[in-house]
>>> print(open('structure_27.txt').read())   # compact mmCIF, C-alpha atoms
# COMPACT_ATOMS: atom_id res chain seq x y z
CA MET A 1047 -1.68 70.46 -58.58
CA PRO A 1048 0.08 70.13 -56.24
CA LEU A 1049 -1.53 66.79 -55.44
CA ILE A 1050 -1.96 66.06 -51.72
CA GLU A 1051 -2.20 62.45 -50.49
CA ILE A 1052 -2.91 61.79 -46.82
CA ASP A 1053 -2.75 58.30 -45.30
CA LEU A 1054 -4.10 58.45 -41.76
CA PRO A 1055 -5.91 56.54 -39.01
CA ARG A 1056 -9.63 56.16 -39.71
CA ALA A 1057 -10.60 57.94 -36.48
CA VAL A 1058 -8.51 60.99 -37.34
CA PHE A 1059 -10.09 61.07 -40.79
CA ALA A 1060 -13.61 60.84 -39.37
CA ASP A 1061 -13.06 63.64 -36.88
CA HIS A 1062 -10.97 66.07 -38.89
CA HIS A 1063 -10.85 65.46 -42.63
CA ALA A 1064 -12.58 68.67 -43.69
CA ALA A 1065 -10.52 70.89 -41.39
CA MET A 1066 -7.32 69.02 -42.30
CA GLY A 1067 -7.93 69.60 -46.00
CA ALA A 1068 -8.51 73.29 -45.36
CA ALA A 1069 -5.41 73.59 -43.18
CA VAL A 1070 -3.16 72.05 -45.83
CA GLN A 1071 -4.71 74.28 -48.48
CA THR A 1072 -4.08 77.38 -46.38
CA ALA A 1073 -0.47 76.34 -45.77
CA GLN A 1074 0.04 75.87 -49.51
CA PHE A 1075 -1.31 79.32 -50.18
CA ASP A 1076 0.76 80.98 -47.48
CA ALA A 1077 4.06 79.22 -48.24
CA LEU A 1078 3.92 78.58 -51.98
CA GLY A 1079 1.32 80.98 -53.32
CA VAL A 1080 -0.84 78.11 -54.60
CA PRO A 1081 -4.37 79.43 -55.27
CA MET A 1082 -6.93 78.56 -52.58
CA ASP A 1083 -9.14 76.81 -55.13
CA ASP A 1084 -6.28 74.71 -56.58
CA THR A 1085 -7.39 71.72 -54.50
CA PHE A 1086 -6.59 68.10 -55.31
CA GLN A 1087 -6.59 65.97 -52.17
CA ILE A 1088 -6.81 62.23 -51.58
CA PHE A 1089 -7.48 60.94 -48.05
CA ARG A 1090 -6.84 57.26 -47.35
CA PRO A 1091 -8.19 56.14 -43.96
CA HIS A 1092 -6.45 53.15 -42.41
CA GLU A 1093 -6.99 50.56 -39.71
CA GLY A 1094 -4.34 50.45 -37.01
CA ASP A 1095 -2.24 47.59 -38.33
CA GLU A 1096 -1.83 49.27 -41.70
CA LEU A 1097 0.34 52.15 -40.45
CA LYS A 1098 3.61 51.02 -38.90
CA PHE A 1099 6.04 53.32 -37.12
CA ASP A 1100 8.50 53.41 -34.27
CA PRO A 1101 7.26 55.34 -31.21
CA ALA A 1102 10.67 56.89 -30.52
CA TYR A 1103 12.79 57.01 -33.71
CA ASN A 1104 15.06 60.06 -33.84
CA GLN A 1105 13.98 61.13 -30.34
CA VAL A 1106 10.43 61.93 -31.45
CA ASP A 1107 7.62 60.80 -29.13
CA ARG A 1108 5.11 59.31 -31.61
CA LEU A 1109 1.64 58.08 -30.67
CA GLY A 1110 0.39 57.64 -34.23
CA LEU A 1111 1.34 58.14 -37.87
CA ILE A 1112 -0.15 60.47 -40.46
CA VAL A 1113 1.68 60.58 -43.80
CA ILE A 1114 1.22 63.57 -46.11
CA ARG A 1115 2.76 63.37 -49.58
CA ILE A 1116 2.84 66.57 -51.62
CA THR A 1117 3.56 66.35 -55.35
CA PRO A 1118 4.32 69.81 -56.79
CA VAL A 1119 6.18 71.04 -59.82
CA ARG A 1120 9.92 71.50 -59.14
CA ILE A 1121 9.86 75.29 -58.67
CA TYR A 1122 9.96 75.87 -54.90
CA SER A 1123 12.95 76.85 -52.79
CA VAL A 1124 14.19 75.14 -49.65
CA GLU A 1125 12.88 78.07 -47.67
CA GLN A 1126 9.42 77.70 -49.20
CA LYS A 1127 9.40 74.00 -48.36
CA LYS A 1128 10.35 74.74 -44.75
CA ALA A 1129 7.56 77.30 -44.59
CA LEU A 1130 5.12 74.77 -46.05
CA PHE A 1131 6.04 72.15 -43.46
CA ALA A 1132 5.73 74.71 -40.65
CA GLY A 1133 2.36 75.89 -41.94
CA ILE A 1134 0.95 72.37 -42.16
CA VAL A 1135 2.28 71.42 -38.73
CA GLU A 1136 0.83 74.54 -37.12
CA GLY A 1137 -2.50 74.27 -38.93
CA LEU A 1138 -2.99 70.65 -37.92
CA GLU A 1139 -1.86 71.31 -34.36
CA GLN A 1140 -4.83 73.63 -33.98
CA LEU A 1141 -7.03 70.59 -34.65
CA GLY A 1142 -5.34 68.62 -31.89
CA ILE A 1143 -3.11 66.65 -34.27
CA ARG A 1144 0.32 66.17 -32.76
CA ARG A 1145 3.29 67.39 -34.80
CA GLU A 1146 5.26 64.37 -33.60
CA ASP A 1147 2.84 62.08 -35.42
CA LEU A 1148 3.37 63.69 -38.85
CA LEU A 1149 5.53 62.47 -41.70
CA ILE A 1150 5.45 64.95 -44.57
CA LEU A 1151 7.28 64.42 -47.86
CA ILE A 1152 7.58 66.17 -51.20
CA SER A 1153 7.91 64.35 -54.54
CA GLU A 1154 8.56 66.79 -57.35
CA ASN A 1155 7.91 66.53 -61.08
CA ALA A 1156 7.72 68.93 -64.07
CA TRP A 1157 5.03 71.10 -65.70
CA GLU A 1158 4.83 68.68 -68.58
CA ASP A 1159 3.90 65.90 -66.16
CA TRP A 1160 0.37 67.16 -65.47
CA TYR A 1161 -3.07 67.02 -67.02
CA ALA A 1162 -5.63 68.78 -64.83
CA GLY A 1163 -8.99 68.59 -66.54
CA ARG A 1164 -7.81 70.14 -69.79
CA PRO A 1165 -4.59 70.31 -71.82
CA MET B 1043 12.25 57.97 -44.10
CA PRO B 1044 12.53 56.09 -46.34
CA LEU B 1045 8.77 55.76 -46.64
CA ILE B 1046 7.51 52.27 -47.54
CA GLU B 1047 4.11 51.85 -49.23
CA ILE B 1048 2.80 48.34 -49.86
CA ASP B 1049 -0.34 47.67 -51.92
CA LEU B 1050 -1.25 43.99 -51.60
CA PRO B 1051 -4.09 41.46 -51.58
CA ARG B 1052 -6.12 41.56 -48.38
CA ALA B 1053 -5.39 37.90 -47.59
CA VAL B 1054 -1.64 38.43 -47.83
CA PHE B 1055 -1.94 41.44 -45.55
CA ALA B 1056 -3.97 39.51 -42.98
CA ASP B 1057 -1.54 36.60 -42.88
CA HIS B 1058 1.79 38.38 -43.09
CA HIS B 1059 1.75 42.13 -42.47
CA ALA B 1060 3.84 42.12 -39.32
CA ALA B 1061 6.49 39.80 -40.71
CA MET B 1062 6.49 41.65 -44.04
CA GLY B 1063 7.11 44.95 -42.32
CA ALA B 1064 9.98 43.44 -40.35
CA ALA B 1065 11.49 41.83 -43.46
CA VAL B 1066 11.50 45.10 -45.38
CA GLN B 1067 13.00 46.89 -42.40
CA THR B 1068 15.77 44.31 -42.12
CA ALA B 1069 16.52 44.58 -45.85
CA GLN B 1070 16.77 48.37 -45.52
CA PHE B 1071 19.21 48.01 -42.66
CA ASP B 1072 21.34 45.43 -44.43
CA ALA B 1073 21.46 47.10 -47.85
CA LEU B 1074 21.25 50.82 -47.03
CA GLY B 1075 22.25 51.13 -43.41
CA VAL B 1076 18.86 52.60 -42.47
CA PRO B 1077 18.41 52.32 -38.68
CA MET B 1078 16.12 49.49 -37.56
CA ASP B 1079 13.84 51.93 -35.76
CA ASP B 1080 13.53 54.28 -38.77
CA THR B 1081 10.16 52.75 -39.65
CA PHE B 1082 7.48 54.46 -41.73
CA GLN B 1083 5.28 51.91 -43.49
CA ILE B 1084 1.85 52.12 -45.08
CA PHE B 1085 0.02 48.90 -45.98
CA ARG B 1086 -2.97 49.14 -48.32
CA PRO B 1087 -4.97 45.90 -48.51
CA HIS B 1088 -6.93 45.37 -51.73
CA GLU B 1089 -9.74 43.25 -53.11
CA GLY B 1090 -8.87 41.14 -56.14
CA ASP B 1091 -10.20 43.41 -58.86
CA GLU B 1092 -8.17 46.35 -57.59
CA LEU B 1093 -4.77 44.91 -58.51
CA LYS B 1094 -4.36 44.25 -62.23
CA PHE B 1095 -1.40 42.46 -63.78
CA ASP B 1096 -0.47 40.14 -66.58
CA PRO B 1097 0.30 36.58 -65.46
CA ALA B 1098 3.19 36.17 -67.89
CA TYR B 1099 4.65 39.56 -68.85
CA ASN B 1100 8.41 39.41 -69.44
CA GLN B 1101 8.46 35.62 -68.93
CA VAL B 1102 7.57 35.90 -65.24
CA ASP B 1103 4.99 33.44 -63.91
CA ARG B 1104 2.78 35.70 -61.77
CA LEU B 1105 -0.06 34.46 -59.56
CA GLY B 1106 -0.66 37.75 -57.76
CA LEU B 1107 0.64 41.30 -57.43
CA ILE B 1108 2.25 43.01 -54.46
CA VAL B 1109 3.59 46.52 -55.12
CA ILE B 1110 6.23 48.00 -52.81
CA ARG B 1111 7.17 51.65 -53.32
CA ILE B 1112 10.24 52.91 -51.48
CA THR B 1113 10.80 56.67 -51.23
CA PRO B 1114 14.34 57.43 -49.99
CA VAL B 1115 16.63 60.39 -50.27
CA ARG B 1116 18.76 60.28 -53.46
CA ILE B 1117 21.97 59.00 -51.88
CA TYR B 1118 22.10 55.28 -52.66
CA SER B 1119 24.15 53.56 -55.35
CA VAL B 1120 22.90 51.16 -58.00
CA GLU B 1121 24.61 48.35 -56.09
CA GLN B 1122 22.81 49.29 -52.88
CA LYS B 1123 19.49 49.32 -54.71
CA LYS B 1124 20.17 45.86 -56.12
CA ALA B 1125 21.06 44.63 -52.65
CA LEU B 1126 17.86 46.16 -51.28
CA PHE B 1127 15.72 44.42 -53.88
CA ALA B 1128 17.49 41.11 -53.22
CA GLY B 1129 17.06 41.48 -49.48
CA ILE B 1130 13.34 42.23 -49.74
CA VAL B 1131 12.76 39.38 -52.19
CA GLU B 1132 14.59 36.90 -49.99
CA GLY B 1133 12.99 38.09 -46.78
CA LEU B 1134 9.48 37.84 -48.21
CA GLU B 1135 10.19 34.48 -49.81
CA GLN B 1136 10.76 33.08 -46.34
CA LEU B 1137 7.13 34.00 -45.59
CA GLY B 1138 5.93 32.08 -48.63
CA ILE B 1139 5.54 35.20 -50.79
CA ARG B 1140 6.58 34.46 -54.35
CA ARG B 1141 9.31 36.68 -55.83
CA GLU B 1142 7.48 36.53 -59.15
CA ASP B 1143 4.52 38.35 -57.61
CA LEU B 1144 6.56 41.38 -56.49
CA LEU B 1145 6.84 44.76 -58.14
CA ILE B 1146 9.29 46.97 -56.25
CA LEU B 1147 10.06 50.56 -57.21
CA ILE B 1148 12.09 53.43 -55.83
CA SER B 1149 11.04 57.09 -56.05
CA GLU B 1150 13.79 59.40 -54.82
CA ASN B 1151 13.68 62.90 -53.42
CA ALA B 1152 16.01 65.21 -51.43
CA TRP B 1153 16.79 65.82 -47.73
CA GLU B 1154 14.90 69.07 -47.89
CA ASP B 1155 11.76 67.21 -48.93
CA TRP B 1156 11.10 65.64 -45.51
CA TYR B 1157 9.52 66.57 -42.22
CA ALA B 1158 9.58 63.61 -39.80
CA GLY B 1159 8.03 64.71 -36.56
CA ARG B 1160 10.27 67.69 -36.03
CA PRO B 1161 12.20 70.19 -38.21
CA MET C 306 6.39 49.23 -65.29
CA PRO C 307 5.14 51.85 -65.77
CA LEU C 308 3.09 51.53 -62.60
CA ILE C 309 -0.44 52.95 -62.82
CA GLU C 310 -2.26 54.07 -59.65
CA ILE C 311 -5.87 55.21 -59.88
CA ASP C 312 -7.72 56.77 -56.95
CA LEU C 313 -11.39 57.12 -57.87
CA PRO C 314 -14.95 57.16 -56.53
CA ARG C 315 -16.19 53.69 -55.56
CA ALA C 316 -19.12 53.86 -57.99
CA VAL C 317 -16.84 54.63 -60.94
CA PHE C 318 -14.61 51.74 -59.95
CA ALA C 319 -17.55 49.34 -59.71
CA ASP C 320 -18.94 50.31 -63.09
CA HIS C 321 -15.78 50.71 -65.13
CA HIS C 322 -12.60 49.29 -63.60
CA ALA C 323 -11.95 46.63 -66.22
CA ALA C 324 -12.56 48.96 -69.15
CA MET C 325 -10.58 51.75 -67.49
CA GLY C 326 -7.60 49.47 -67.03
CA ALA C 327 -7.77 48.44 -70.66
CA ALA C 328 -8.12 52.03 -71.87
CA VAL C 329 -5.04 53.17 -69.95
CA GLN C 330 -3.10 50.17 -71.22
CA THR C 331 -4.06 50.96 -74.82
CA ALA C 332 -3.05 54.60 -74.38
CA GLN C 333 0.34 53.51 -73.02
CA PHE C 334 0.87 51.28 -76.00
CA ASP C 335 -0.15 53.91 -78.54
CA ALA C 336 1.75 56.84 -77.01
CA LEU C 337 4.78 55.22 -75.41
CA GLY C 338 5.13 51.84 -77.08
CA VAL C 339 4.68 50.02 -73.75
CA PRO C 340 3.80 46.36 -74.46
CA MET C 341 0.12 45.50 -74.04
CA ASP C 342 0.96 42.85 -71.45
CA ASP C 343 3.20 45.16 -69.39
CA THR C 344 0.36 45.75 -66.92
CA PHE C 345 0.80 46.89 -63.33
CA GLN C 346 -2.28 48.74 -62.10
CA ILE C 347 -3.56 49.63 -58.64
CA PHE C 348 -7.14 50.87 -58.24
CA ARG C 349 -8.09 52.54 -54.96
CA PRO C 350 -11.86 53.08 -54.62
CA HIS C 351 -12.89 55.93 -52.33
CA GLU C 352 -15.92 57.22 -50.49
CA GLY C 353 -17.02 60.74 -51.35
CA ASP C 354 -15.37 62.62 -48.53
CA GLU C 355 -11.97 61.12 -49.30
CA LEU C 356 -11.51 62.93 -52.63
CA LYS C 357 -11.48 66.71 -52.32
CA PHE C 358 -11.45 69.11 -55.25
CA ASP C 359 -12.70 72.48 -56.35
CA PRO C 360 -15.57 72.33 -58.85
CA ALA C 361 -14.28 75.25 -60.89
CA TYR C 362 -10.51 75.69 -60.43
CA ASN C 363 -8.78 76.94 -63.57
CA GLN C 364 -12.13 77.29 -65.38
CA VAL C 365 -12.71 73.54 -65.46
CA ASP C 366 -16.25 72.35 -64.67
CA ARG C 367 -15.57 69.40 -62.31
CA LEU C 368 -18.25 67.05 -61.00
CA GLY C 369 -15.85 64.50 -59.51
CA LEU C 370 -12.19 63.63 -59.15
CA ILE C 371 -10.26 60.70 -60.56
CA VAL C 372 -6.49 60.80 -60.00
CA ILE C 373 -4.20 58.73 -62.23
CA ARG C 374 -0.53 58.59 -61.31
CA ILE C 375 1.84 57.08 -63.86
CA THR C 376 5.36 56.11 -62.76
CA PRO C 377 7.58 55.39 -65.78
CA VAL C 378 11.28 55.41 -66.40
CA ARG C 379 12.57 58.86 -67.45
CA ILE C 380 12.79 58.20 -71.20
CA TYR C 381 9.71 59.79 -72.74
CA SER C 382 9.49 63.12 -74.56
CA VAL C 383 7.09 65.95 -73.86
CA GLU C 384 5.24 65.04 -77.06
CA GLN C 385 4.85 61.44 -75.92
CA LYS C 386 3.49 62.58 -72.57
CA LYS C 387 0.96 64.82 -74.31
CA ALA C 388 -0.07 61.91 -76.51
CA LEU C 389 -0.42 59.70 -73.44
CA PHE C 390 -2.67 62.21 -71.68
CA ALA C 391 -4.78 62.61 -74.84
CA GLY C 392 -5.08 58.86 -75.26
CA ILE C 393 -6.18 58.30 -71.67
CA VAL C 394 -8.66 61.17 -71.79
CA GLU C 395 -10.20 59.93 -75.03
CA GLY C 396 -10.28 56.30 -73.94
CA LEU C 397 -12.00 57.11 -70.66
CA GLU C 398 -14.42 59.49 -72.34
CA GLN C 399 -15.77 56.57 -74.33
CA LEU C 400 -16.77 55.01 -71.00
CA GLY C 401 -18.69 58.15 -70.02
CA ILE C 402 -15.93 59.47 -67.77
CA ARG C 403 -15.67 63.23 -68.06
CA ARG C 404 -12.26 64.64 -69.03
CA GLU C 405 -12.89 67.54 -66.68
CA ASP C 406 -12.88 65.15 -63.73
CA LEU C 407 -9.41 63.77 -64.46
CA LEU C 408 -6.14 64.67 -62.79
CA ILE C 409 -3.26 62.80 -64.42
CA LEU C 410 0.34 63.07 -63.26
CA ILE C 411 3.67 61.48 -64.11
CA SER C 412 6.38 60.70 -61.53
CA GLU C 413 9.56 59.50 -63.22
CA ASN C 414 12.41 57.35 -61.95
CA ALA C 415 15.31 55.34 -63.45
CA TRP C 416 15.80 51.81 -64.81
CA GLU C 417 17.77 50.90 -61.71
CA ASP C 418 14.75 51.77 -59.56
CA TRP C 419 12.69 48.70 -60.55
CA TYR C 420 12.37 45.06 -59.64
CA ALA C 421 9.56 43.40 -61.61
CA GLY C 422 9.39 39.77 -60.63
CA ARG C 423 13.02 39.01 -61.38
CA PRO C 424 16.36 40.89 -61.40
>>> encode(input="structure_27.txt", output="structure tokens")
Amino acid sequence: MPLIEIDLPRAVFADHHAAMGAAVQTAQFDALGVPMDDTFQIFRPHEGDELKFDPAYNQVDRLGLIVIRITPVRIYSVEQKKALFAGIVEGLEQLGIRREDLLILISENAWEDWYAGRP
Amino acid sequence: MPLIEIDLPRAVFADHHAAMGAAVQTAQFDALGVPMDDTFQIFRPHEGDELKFDPAYNQVDRLGLIVIRITPVRIYSVEQKKALFAGIVEGLEQLGIRREDLLILISENAWEDWYAGRP
Amino acid sequence: MPLIEIDLPRAVFADHHAAMGAAVQTAQFDALGVPMDDTFQIFRPHEGDELKFDPAYNQVDRLGLIVIRITPVRIYSVEQKKALFAGIVEGLEQLGIRREDLLILISENAWEDWYAGRP
């Protein structure tokens, strides 16, 4: 925990999944102080028709859609969230993944809402 | 944002995904005022064994299961949510999708919990 | 409702999905009083590369990763959540599923956030 869920085009998964996982992990460490070995990531590769988006909504020039949902405990500040988004965007950009194609969202819960391999 | 996630039988996806996406988008516009081009939708087609439900729970006559999760910012009233559910149900019914087979849920978060292609 | 979402290795799904669904349902009944026929479960089988975890984080000896997300209405106590986790862990252990490989999380919402086949 946090849990990371990434829905993405199959080709992006095939080319980059390992480096993407590492980039998100590094961003979590840098922005939130999450340990580097606190890794729980689900990748869901998709065919083209399964990811629907508008190529221009809100003046963003989208060519694809990659959705990253982060579920952490409700303990992080707005500033930390901004730093997390910036860290993920920059880390993925180094892999050739366009920042315009990203949708990142946070869904918070509480400490009591987790079981992670032991009580 | 909102993000729409739809887990559904593969056959329903194959026959109706484009019209389903449009129907949900229209319902969002009508009930919540979400712009028509604010589209972020994930479809996840499933084989039969992957979706488990009871065919009669709560006196509903189910033949299948389609799960729609909506993740919006926490700004909508109970009345707007009811209107959203009604709009989705009616829009999908026009495609031949039974209202009894739908499970729709809302998971809210905050403005600060989103990155949508730019800060 | 609650909605259960289980992301798991394809081999575990193939061998155990029916019994896993029943075990989670029983744990919900025992810990939360959810009716036995109140069943809404999504299984998402994955290839190996799609589930990423650390084999030793927090001194847990992981060999695999199975993620179970439970989305209930916000009405359950911390004690009930602990009982739910314990019930799921024990039920799955009887199928040969290691408790160390489980990540279970709860994401709550409100009564008004559900449509389940009828208003």
>>> residues_around(input="structure_27.txt", residues="Ile311 of chain C", least_positions_apart="5", cutoff="10 Å", atoms="all atoms listed in the file", output="list in words")
Glu1092 of chain B; Phe318, His322, Met325, Gly326, Gln346, Ile347, Phe348, Arg349, Pro350, Ile371, Val372, Ile373, Arg374, Ile375, Leu408 and Ile409 of chain C
>>> interface_residues(input="structure_27.txt", of="chain A", to="chain C", cutoff="6 Å", atoms="all atoms listed in the file", output="list in words")
Asp1083, Asp1084, Thr1085, Phe1086, Gln1087, Ile1088, Phe1089, Asp1159, Trp1160, Tyr1161, Ala1162 and Gly1163 of chain A
>>> write_last_selection(input="structure_27.txt", atoms="C-alpha atoms", output="mmCIF file, in the frame of the given file")
data_model
loop_
_atom_site.group_PDB
_atom_site.id
_atom_site.type_symbol
_atom_site.label_atom_id
_atom_site.label_comp_id
_atom_site.auth_asym_id
_atom_site.auth_seq_id
_atom_site.Cartn_x
_atom_site.Cartn_y
_atom_site.Cartn_z
ATOM 1 C CA ASP A 1083 -9.140 76.810 -55.130
ATOM 2 C CA ASP A 1084 -6.280 74.710 -56.580
ATOM 3 C CA THR A 1085 -7.390 71.720 -54.500
ATOM 4 C CA PHE A 1086 -6.590 68.100 -55.310
ATOM 5 C CA GLN A 1087 -6.590 65.970 -52.170
ATOM 6 C CA ILE A 1088 -6.810 62.230 -51.580
ATOM 7 C CA PHE A 1089 -7.480 60.940 -48.050
ATOM 8 C CA ASP A 1159 3.900 65.900 -66.160
ATOM 9 C CA TRP A 1160 0.370 67.160 -65.470
ATOM 10 C CA TYR A 1161 -3.070 67.020 -67.020
ATOM 11 C CA ALA A 1162 -5.630 68.780 -64.830
ATOM 12 C CA GLY A 1163 -8.990 68.590 -66.540
#
>>> closest_residue(input="structure_27.txt", among="C:Ile309, C:Ala316, C:Leu337, C:Ile380", to="Ile402 of chain C", atoms="only C-alpha atoms")
C:Ala316
>>> closest_residue(input="structure_27.txt", among="A:Met1082, A:Ala1069, A:Leu1130, A:Ala1064", to="Pro1118 of chain A", atoms="all atoms listed in the file")
A:Leu1130
>>> decode(input="structure_27.txt", residues="segment 1098-1113 of chain B", atoms="N, CA and C atoms", output="short mmCIF file (atom, residue, chain, number, x, y, z; two decimals), in the first residue's frame")
data_model
loop_
_atom_site.label_atom_id
_atom_site.label_comp_id
_atom_site.auth_asym_id
_atom_site.auth_seq_id
_atom_site.Cartn_x
_atom_site.Cartn_y
_atom_site.Cartn_z
N ALA B 1098 -31.22 -13.54 -8.27
CA ALA B 1098 -32.49 -13.09 -7.67
C ALA B 1098 -32.32 -12.19 -6.46
N TYR B 1099 -31.08 -11.86 -6.08
CA TYR B 1099 -30.89 -11.06 -4.87
C TYR B 1099 -31.74 -9.79 -4.87
N ASN B 1100 -32.38 -9.54 -3.76
CA ASN B 1100 -33.19 -8.33 -3.55
C ASN B 1100 -34.36 -8.24 -4.55
N GLN B 1101 -34.88 -9.42 -4.90
CA GLN B 1101 -36.05 -9.49 -5.81
C GLN B 1101 -35.80 -8.85 -7.18
N VAL B 1102 -34.55 -8.93 -7.63
CA VAL B 1102 -34.23 -8.46 -8.98
C VAL B 1102 -33.95 -9.69 -9.84
N ASP B 1103 -34.51 -9.72 -11.02
CA ASP B 1103 -34.39 -10.88 -11.92
C ASP B 1103 -33.19 -10.70 -12.85
N ARG B 1104 -32.01 -11.10 -12.37
CA ARG B 1104 -30.78 -10.87 -13.14
C ARG B 1104 -30.47 -12.02 -14.11
N LEU B 1105 -30.06 -11.66 -15.31
CA LEU B 1105 -29.57 -12.64 -16.28
C LEU B 1105 -28.07 -12.47 -16.53
N GLY B 1106 -27.52 -11.37 -16.12
CA GLY B 1106 -26.11 -11.09 -16.34
C GLY B 1106 -25.67 -10.01 -15.37
N LEU B 1107 -24.39 -9.62 -15.45
CA LEU B 1107 -23.90 -8.56 -14.58
C LEU B 1107 -23.00 -7.62 -15.39
N ILE B 1108 -23.33 -6.36 -15.31
CA ILE B 1108 -22.50 -5.28 -15.87
C ILE B 1108 -22.26 -4.30 -14.73
N VAL B 1109 -20.99 -4.06 -14.41
CA VAL B 1109 -20.64 -3.17 -13.29
C VAL B 1109 -20.06 -1.87 -13.85
N ILE B 1110 -20.65 -0.77 -13.45
CA ILE B 1110 -20.18 0.56 -13.88
C ILE B 1110 -19.76 1.34 -12.64
N ARG B 1111 -18.45 1.63 -12.57
CA ARG B 1111 -17.96 2.47 -11.46
C ARG B 1111 -17.68 3.86 -11.99
N ILE B 1112 -18.23 4.85 -11.30
CA ILE B 1112 -18.04 6.25 -11.66
C ILE B 1112 -17.22 6.90 -10.55
N THR B 1113 -16.11 7.53 -10.91
CA THR B 1113 -15.29 8.23 -9.91
C THR B 1113 -15.31 9.72 -10.23
#
